[in-house]
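J.: Hey, dropping coords19.csv in here, CSV, C-alpha atoms:
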```csv
chain,number,residue,atom,x,y,z
A,1,MET,CA,17.7,13.7,-44.4
A,2,GLN,CA,15.2,11.9,-42.3
A,3,TYR,CA,12.0,10.8,-43.9
A,4,ARG,CA,10.4,9.5,-40.8
A,5,SER,CA,8.2,11.8,-38.8
A,6,ASP,CA,8.5,12.0,-35.1
A,7,ILE,CA,5.2,10.2,-34.6
A,8,LYS,CA,6.8,7.0,-36.0
A,9,SER,CA,9.3,6.9,-33.2
A,10,VAL,CA,6.8,7.4,-30.4
A,11,LYS,CA,4.0,5.1,-31.7
A,12,GLY,CA,3.7,1.9,-29.7
A,13,LEU,CA,5.6,3.4,-26.8
A,14,GLY,CA,2.5,4.7,-25.0
A,15,THR,CA,0.0,2.9,-22.8
A,16,ALA,CA,-0.9,-0.8,-23.3
A,17,LYS,CA,-4.5,0.3,-23.5
A,18,HIS,CA,-5.3,-0.8,-20.0
A,19,GLY,CA,-4.6,2.4,-18.2
A,20,PHE,CA,-8.1,3.1,-17.2
A,21,SER,CA,-8.7,-0.3,-15.8
A,22,HIS,CA,-5.5,-0.1,-13.7
A,23,TRP,CA,-6.6,3.3,-12.3
A,24,TRP,CA,-10.2,2.2,-11.7
A,25,MET,CA,-9.2,-1.1,-9.9
A,26,GLN,CA,-6.8,0.9,-7.7
A,27,ARG,CA,-9.6,3.2,-6.7
A,28,LEU,CA,-12.1,0.4,-6.1
A,29,SER,CA,-9.6,-1.5,-3.9
A,30,ALA,CA,-8.9,1.7,-2.1
A,31,VAL,CA,-12.5,2.3,-1.3
A,32,LEU,CA,-12.9,-1.3,-0.1
A,33,MET,CA,-10.0,-0.8,2.2
A,34,ILE,CA,-11.5,2.2,4.0
A,35,PRO,CA,-13.9,0.1,6.1
A,36,LEU,CA,-11.7,-3.0,6.1
A,37,GLY,CA,-8.6,-1.1,7.3
A,38,LEU,CA,-10.6,0.3,10.2
A,39,TRP,CA,-12.0,-3.2,11.0
A,40,PHE,CA,-8.4,-4.6,10.9
A,41,PHE,CA,-7.0,-2.1,13.4
A,42,TYR,CA,-10.1,-2.2,15.6
A,43,SER,CA,-9.9,-6.0,15.8
A,44,LEU,CA,-6.3,-6.1,16.7
A,45,MET,CA,-7.0,-3.4,19.4
A,46,SER,CA,-9.8,-5.5,20.7
A,47,ILE,CA,-7.7,-8.6,21.3
A,48,GLU,CA,-6.5,-8.5,25.0
A,49,THR,CA,-3.0,-9.9,24.4
A,50,ILE,CA,-1.9,-10.7,20.9
A,51,SER,CA,-0.5,-14.2,20.8
A,52,ALA,CA,-0.7,-17.1,18.3
A,53,ASP,CA,-3.5,-18.6,20.4
A,54,SER,CA,-5.6,-15.4,20.7
A,55,VAL,CA,-5.2,-14.5,17.0
A,56,ILE,CA,-6.1,-18.0,15.9
A,57,MET,CA,-9.2,-17.9,18.2
A,58,TRP,CA,-10.2,-14.6,16.6
A,59,LEU,CA,-9.7,-15.9,13.0
A,60,GLN,CA,-11.6,-19.1,13.7
A,61,GLN,CA,-14.8,-17.2,13.6
A,62,PRO,CA,-15.9,-17.6,9.9
A,63,ILE,CA,-17.0,-13.9,9.5
A,64,GLN,CA,-13.6,-12.7,10.8
A,65,ALA,CA,-11.7,-15.2,8.6
A,66,ILE,CA,-13.7,-14.0,5.5
A,67,LEU,CA,-13.1,-10.4,6.3
A,68,MET,CA,-9.4,-11.2,6.8
A,69,ALA,CA,-9.3,-12.9,3.5
A,70,ILE,CA,-10.9,-10.0,1.7
A,71,TRP,CA,-8.7,-7.5,3.6
A,72,THR,CA,-5.4,-9.3,2.9
A,73,ILE,CA,-6.2,-10.0,-0.7
A,74,THR,CA,-7.3,-6.4,-1.3
A,75,VAL,CA,-4.1,-5.2,0.4
A,76,VAL,CA,-1.9,-7.5,-1.7
A,77,TYR,CA,-3.7,-6.5,-4.9
A,78,HIS,CA,-3.6,-2.8,-4.2
A,79,GLY,CA,0.1,-3.1,-3.3
A,80,ALA,CA,0.8,-4.9,-6.6
A,81,LEU,CA,-0.9,-2.2,-8.5
A,82,GLY,CA,1.1,0.5,-6.7
A,83,MET,CA,4.4,-1.4,-7.1
A,84,GLN,CA,3.6,-1.6,-10.9
A,85,VAL,CA,3.4,2.2,-11.1
A,86,ILE,CA,6.6,2.7,-9.1
A,87,ILE,CA,8.4,0.2,-11.4
A,88,GLU,CA,7.0,1.9,-14.5
A,89,ASP,CA,8.1,5.3,-13.3
A,90,TYR,CA,11.6,4.6,-12.0
A,91,VAL,CA,12.9,1.4,-13.8
A,92,HIS,CA,14.0,2.5,-17.2
A,93,GLY,CA,15.6,-0.6,-18.6
A,94,LYS,CA,12.9,-2.4,-20.5
A,95,ALA,CA,14.1,-6.0,-19.7
A,96,MET,CA,14.5,-5.1,-16.0
A,97,ALA,CA,11.2,-3.4,-15.8
A,98,LEU,CA,9.4,-6.3,-17.5
A,99,THR,CA,11.1,-8.8,-15.2
A,100,LEU,CA,10.1,-6.9,-12.1
A,101,LEU,CA,6.5,-6.5,-13.4
A,102,VAL,CA,6.2,-10.2,-13.9
A,103,LEU,CA,7.8,-11.0,-10.5
A,104,ILE,CA,5.3,-8.6,-8.8
A,105,LYS,CA,2.4,-10.4,-10.5
A,106,PHE,CA,3.7,-13.8,-9.5
A,107,ALA,CA,4.3,-12.7,-6.0
A,108,MET,CA,0.8,-11.3,-5.9
A,109,PHE,CA,-0.7,-14.7,-7.0
A,110,ALA,CA,1.4,-16.6,-4.6
A,111,MET,CA,0.4,-14.4,-1.7
A,112,ILE,CA,-3.3,-14.6,-2.5
A,113,VAL,CA,-3.1,-18.4,-2.7
A,114,ALA,CA,-1.1,-18.5,0.6
A,115,THR,CA,-3.7,-16.3,2.3
A,116,PHE,CA,-6.6,-18.7,1.2
A,117,PHE,CA,-4.8,-21.8,2.3
A,118,SER,CA,-3.8,-20.4,5.6
A,119,LEU,CA,-7.2,-19.0,6.5
A,120,LEU,CA,-9.0,-22.2,5.4
A,121,ARG,CA,-6.6,-24.2,7.7
A,122,LEU,CA,-7.3,-21.9,10.6
A,123,VAL,CA,-11.1,-22.0,10.3
A,124,SER,CA,-11.4,-25.8,9.6
N,1,MET,CA,11.5,15.1,-30.8
N,2,LYS,CA,14.7,17.0,-30.0
N,3,THR,CA,14.4,18.2,-26.5
N,4,SER,CA,18.1,18.0,-25.2
N,5,ASN,CA,18.7,21.8,-25.2
N,6,ARG,CA,15.6,22.7,-23.4
N,7,PRO,CA,16.0,24.2,-19.9
N,8,LEU,CA,15.4,21.9,-17.1
N,9,SER,CA,13.1,23.8,-14.8
N,10,PRO,CA,12.1,23.5,-12.0
N,11,HIS,CA,15.3,21.6,-11.4
N,12,ILE,CA,14.6,19.0,-8.7
N,13,GLN,CA,17.7,19.7,-6.5
N,14,VAL,CA,17.2,23.5,-6.2
N,15,TYR,CA,13.4,23.5,-6.2
N,16,LYS,CA,11.8,24.2,-2.9
N,17,MET,CA,9.0,21.6,-2.9
N,18,PRO,CA,5.6,22.8,-1.8
N,19,LEU,CA,3.8,20.8,0.9
N,20,SER,CA,1.7,18.9,-1.6
N,21,ALA,CA,4.8,17.6,-3.4
N,22,LYS,CA,6.3,16.4,-0.2
N,23,LEU,CA,3.1,14.7,0.8
N,24,SER,CA,2.9,13.1,-2.6
N,25,ILE,CA,6.3,11.6,-2.2
N,26,LEU,CA,5.4,10.5,1.3
N,27,HIS,CA,2.3,8.8,-0.2
N,28,ARG,CA,4.6,6.7,-2.4
N,29,ILE,CA,7.1,5.9,0.3
N,30,THR,CA,4.4,4.8,2.7
N,31,GLY,CA,2.8,2.8,-0.1
N,32,LEU,CA,6.1,1.0,-0.7
N,33,GLY,CA,6.5,0.3,3.0
N,34,LEU,CA,3.0,-0.9,3.3
N,35,SER,CA,3.6,-3.3,0.4
N,36,LEU,CA,6.4,-4.8,2.5
N,37,GLY,CA,3.9,-4.9,5.3
N,38,ALA,CA,1.5,-6.9,3.1
N,39,VAL,CA,4.2,-9.5,2.6
N,40,VAL,CA,4.6,-9.8,6.4
N,41,LEU,CA,0.8,-9.9,6.9
N,42,VAL,CA,0.5,-12.9,4.6
N,43,PHE,CA,3.6,-14.5,6.1
N,44,TRP,CA,2.0,-14.0,9.6
N,45,LEU,CA,-1.2,-15.7,8.5
N,46,PHE,CA,0.8,-18.5,6.9
N,47,SER,CA,2.9,-19.0,10.0
N,48,LEU,CA,-0.2,-19.1,12.2
N,49,ALA,CA,-1.6,-21.9,10.0
N,50,TYR,CA,1.4,-23.9,9.2
N,51,LEU,CA,4.5,-22.9,11.1
N,52,SER,CA,3.5,-22.5,14.7
N,53,SER,CA,7.0,-22.0,16.1
N,54,THR,CA,7.7,-19.3,13.5
N,55,ALA,CA,4.5,-17.6,14.5
N,56,VAL,CA,5.7,-17.5,18.1
N,57,ASN,CA,9.1,-16.1,17.0
N,58,LEU,CA,7.3,-13.5,14.9
N,59,HIS,CA,5.2,-12.4,17.9
N,60,THR,CA,8.4,-12.3,20.1
N,61,PHE,CA,10.2,-10.2,17.6
N,62,PHE,CA,7.3,-7.7,17.1
N,63,SER,CA,6.9,-7.4,20.9
N,64,SER,CA,10.5,-6.3,21.2
N,65,SER,CA,11.3,-2.5,21.1
N,66,VAL,CA,12.7,-2.7,17.6
N,67,GLY,CA,9.6,-4.7,16.5
N,68,LYS,CA,7.3,-2.2,18.1
N,69,VAL,CA,9.0,0.7,16.4
N,70,ILE,CA,8.5,-1.0,13.0
N,71,LEU,CA,4.8,-1.7,13.9
N,72,ILE,CA,4.2,1.9,14.9
N,73,ALA,CA,5.9,3.1,11.7
N,74,TRP,CA,3.6,0.7,9.7
N,75,THR,CA,0.6,2.0,11.6
N,76,PHE,CA,1.4,5.6,10.8
N,77,ALA,CA,2.2,4.7,7.2
N,78,PHE,CA,-1.1,3.0,6.9
N,79,PHE,CA,-3.1,5.8,8.4
N,80,TYR,CA,-1.2,8.5,6.4
N,81,HIS,CA,-1.7,6.5,3.2
N,82,PHE,CA,-5.4,6.0,4.2
N,83,CYS,CA,-6.1,9.7,4.9
N,84,ASN,CA,-4.1,10.9,1.9
N,85,GLY,CA,-5.8,8.2,-0.3
N,86,ILE,CA,-9.2,9.6,0.8
N,87,ARG,CA,-7.8,13.1,-0.3
N,88,HIS,CA,-7.0,11.6,-3.7
N,89,LEU,CA,-10.5,10.2,-3.9
N,90,PHE,CA,-11.9,13.7,-3.4
N,91,TRP,CA,-9.7,15.0,-6.2
N,92,ASP,CA,-10.9,12.1,-8.4
N,93,VAL,CA,-14.4,13.4,-8.2
N,94,GLY,CA,-13.2,16.9,-8.9
N,95,LYS,CA,-13.3,18.4,-5.4
N,96,GLY,CA,-10.7,20.2,-3.3
N,97,TYR,CA,-8.3,21.5,-6.0
N,98,GLU,CA,-8.0,25.1,-4.7
N,99,ILE,CA,-4.4,25.6,-3.5
N,100,GLU,CA,-5.7,26.7,-0.1
N,101,THR,CA,-7.9,23.6,0.2
N,102,VAL,CA,-5.0,21.4,-1.0
N,103,ASN,CA,-2.7,22.7,1.7
N,104,LYS,CA,-5.4,22.5,4.4
N,105,SER,CA,-6.4,18.9,3.5
N,106,GLY,CA,-2.7,17.9,3.5
N,107,VAL,CA,-2.1,19.2,7.0
N,108,PHE,CA,-5.3,17.6,8.1
N,109,ALA,CA,-4.3,14.2,6.6
N,110,ILE,CA,-1.1,14.3,8.6
N,111,LEU,CA,-2.8,15.3,11.8
N,112,VAL,CA,-5.5,12.6,11.5
N,113,ALA,CA,-2.9,10.0,10.7
N,114,VAL,CA,-0.9,11.0,13.9
N,115,VAL,CA,-4.1,10.9,16.0
N,116,LEU,CA,-5.3,7.5,14.7
N,117,THR,CA,-1.8,6.1,15.2
N,118,ALA,CA,-1.8,7.4,18.8
N,119,ILE,CA,-5.3,5.9,19.4
N,120,VAL,CA,-4.2,2.5,18.2
N,121,TRP,CA,-1.0,2.4,20.3
N,122,ILE,CA,-2.4,4.2,23.4
N,123,VAL,CA,-5.9,2.8,23.6
N,124,GLY,CA,-4.9,-0.6,22.1
N,125,ALA,CA,-2.0,-1.1,24.4
```
What is this structure when it is put down as structure tokens?
T.:
Amino acid sequence: MQYRSDIKSVKGLGTAKHGFSHWWMQRLSAVLMIPLGLWFFYSLMSIETISADSVIMWLQQPIQAILMAIWTITVVYHGALGMQVIIEDYVHGKAMALTLLVLIKFAMFAMIVATFFSLLRLVS
Amino acid sequence: MKTSNRPLSPHIQVYKMPLSAKLSILHRITGLGLSLGAVVLVFWLFSLAYLSSTAVNLHTFFSSSVGKVILIAWTFAFFYHFCNGIRHLFWDVGKGYEIETVNKSGVFAILVAVVLTAIVWIVGA
């Protein structure tokens, strides 16, 4: 005879109470990437021949560097949010899922910092 | 809850997926591919700033035919994810849920993605 109700075994296994914020930030970053994505492809198309020199020359304009920073960081952030959903959906081992989620966050921070340092070096 | 004896239906292997389901999977796959692209994007910027010889190698690789195929795939993945993402935003505000509209907007997303990819690679080249 089991005295525990079903509710006991499912309590605490649900969301971590931040589901809306994840969903909302995913949408906000998506909306931001609509103009920025078009800017990114338009800019690359506008460069006569893509080489290290021509790309650096393009990114040395402060406005372009700032747009590139916002674009890259938004892409990385939106990518991390998406990867989180994929991990939560398909990785069933709790330890593995948690490890991957932490690695995704670390990778996201590292990539954001790398983007800042790189663009600052290019404009200065 | 005891659910083990419940029938599994529609079973994924014998279920003929509608267009919207296939497009949904494609949205995930392109998202995954684009996340890899984000890593390369950051590495590209980093190499331009700090590893100039690596940047030159990167440009050489992506000018090769294999590199170009990867870039074209990334371009299509971006524009598909872009168009389908806008489709999602319409759903988020409660618009376009009729089956007929869902099918039409799905086909439209693919077409626009193909056209934009073509524009980037034909006009841009």
J.: From the set N:Ile70, N:Val123, N:Ala118, N:Val102, which residue has the shortest atom-to-atom contact distance to chain A, counting all atoms listed in the file?
T.: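 Counting all atoms listed in the file, the residue closest to chain A is N:Val123.
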J.: Provide as a list of chain:residue names the residues of chain A at most 7 Å from chain N, counting all atoms listed in the file.
T.: A:Asp6, A:Met45, A:Ser51, A:Ala52, A:Val75, A:Val76, A:Gly79, A:Met111, A:Ala114, A:Thr115, A:Ser118, A:Arg121, A:Leu122
J.: Give as a list in words each residue that has an atom at most 10 Å from (2.0, 9.6, -4.2) in the file, counting all atoms listed in the file.
T.: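 Residues found, by chain and rising number: Gly82 and Ile86 of chain A; Ser20, Ala21, Lys22, Leu23, Ser24, Ile25, Leu26, His27, Arg28, Ile29, Thr30, Gly31, His81, Asn84, Gly85 and His88 of chain N.
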J.: If I take atom CA of Leu119 of chain A and atom CA of Pro62 of chain A, how far is one from the other in Å, to one decimal?
T.: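 Interatomic distance, atom CA of Leu119 of chain A to atom CA of Pro62 of chain A: 9.4 Å.
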J.: Work out how far apart atom CA of Gly67 of chain N and atom CA of Trp58 of chain A are and give it in Å to one decimal.
T.: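 About the pair atom CA of Gly67 of chain N and atom CA of Trp58 of chain A: they are 22.1 Å apart.
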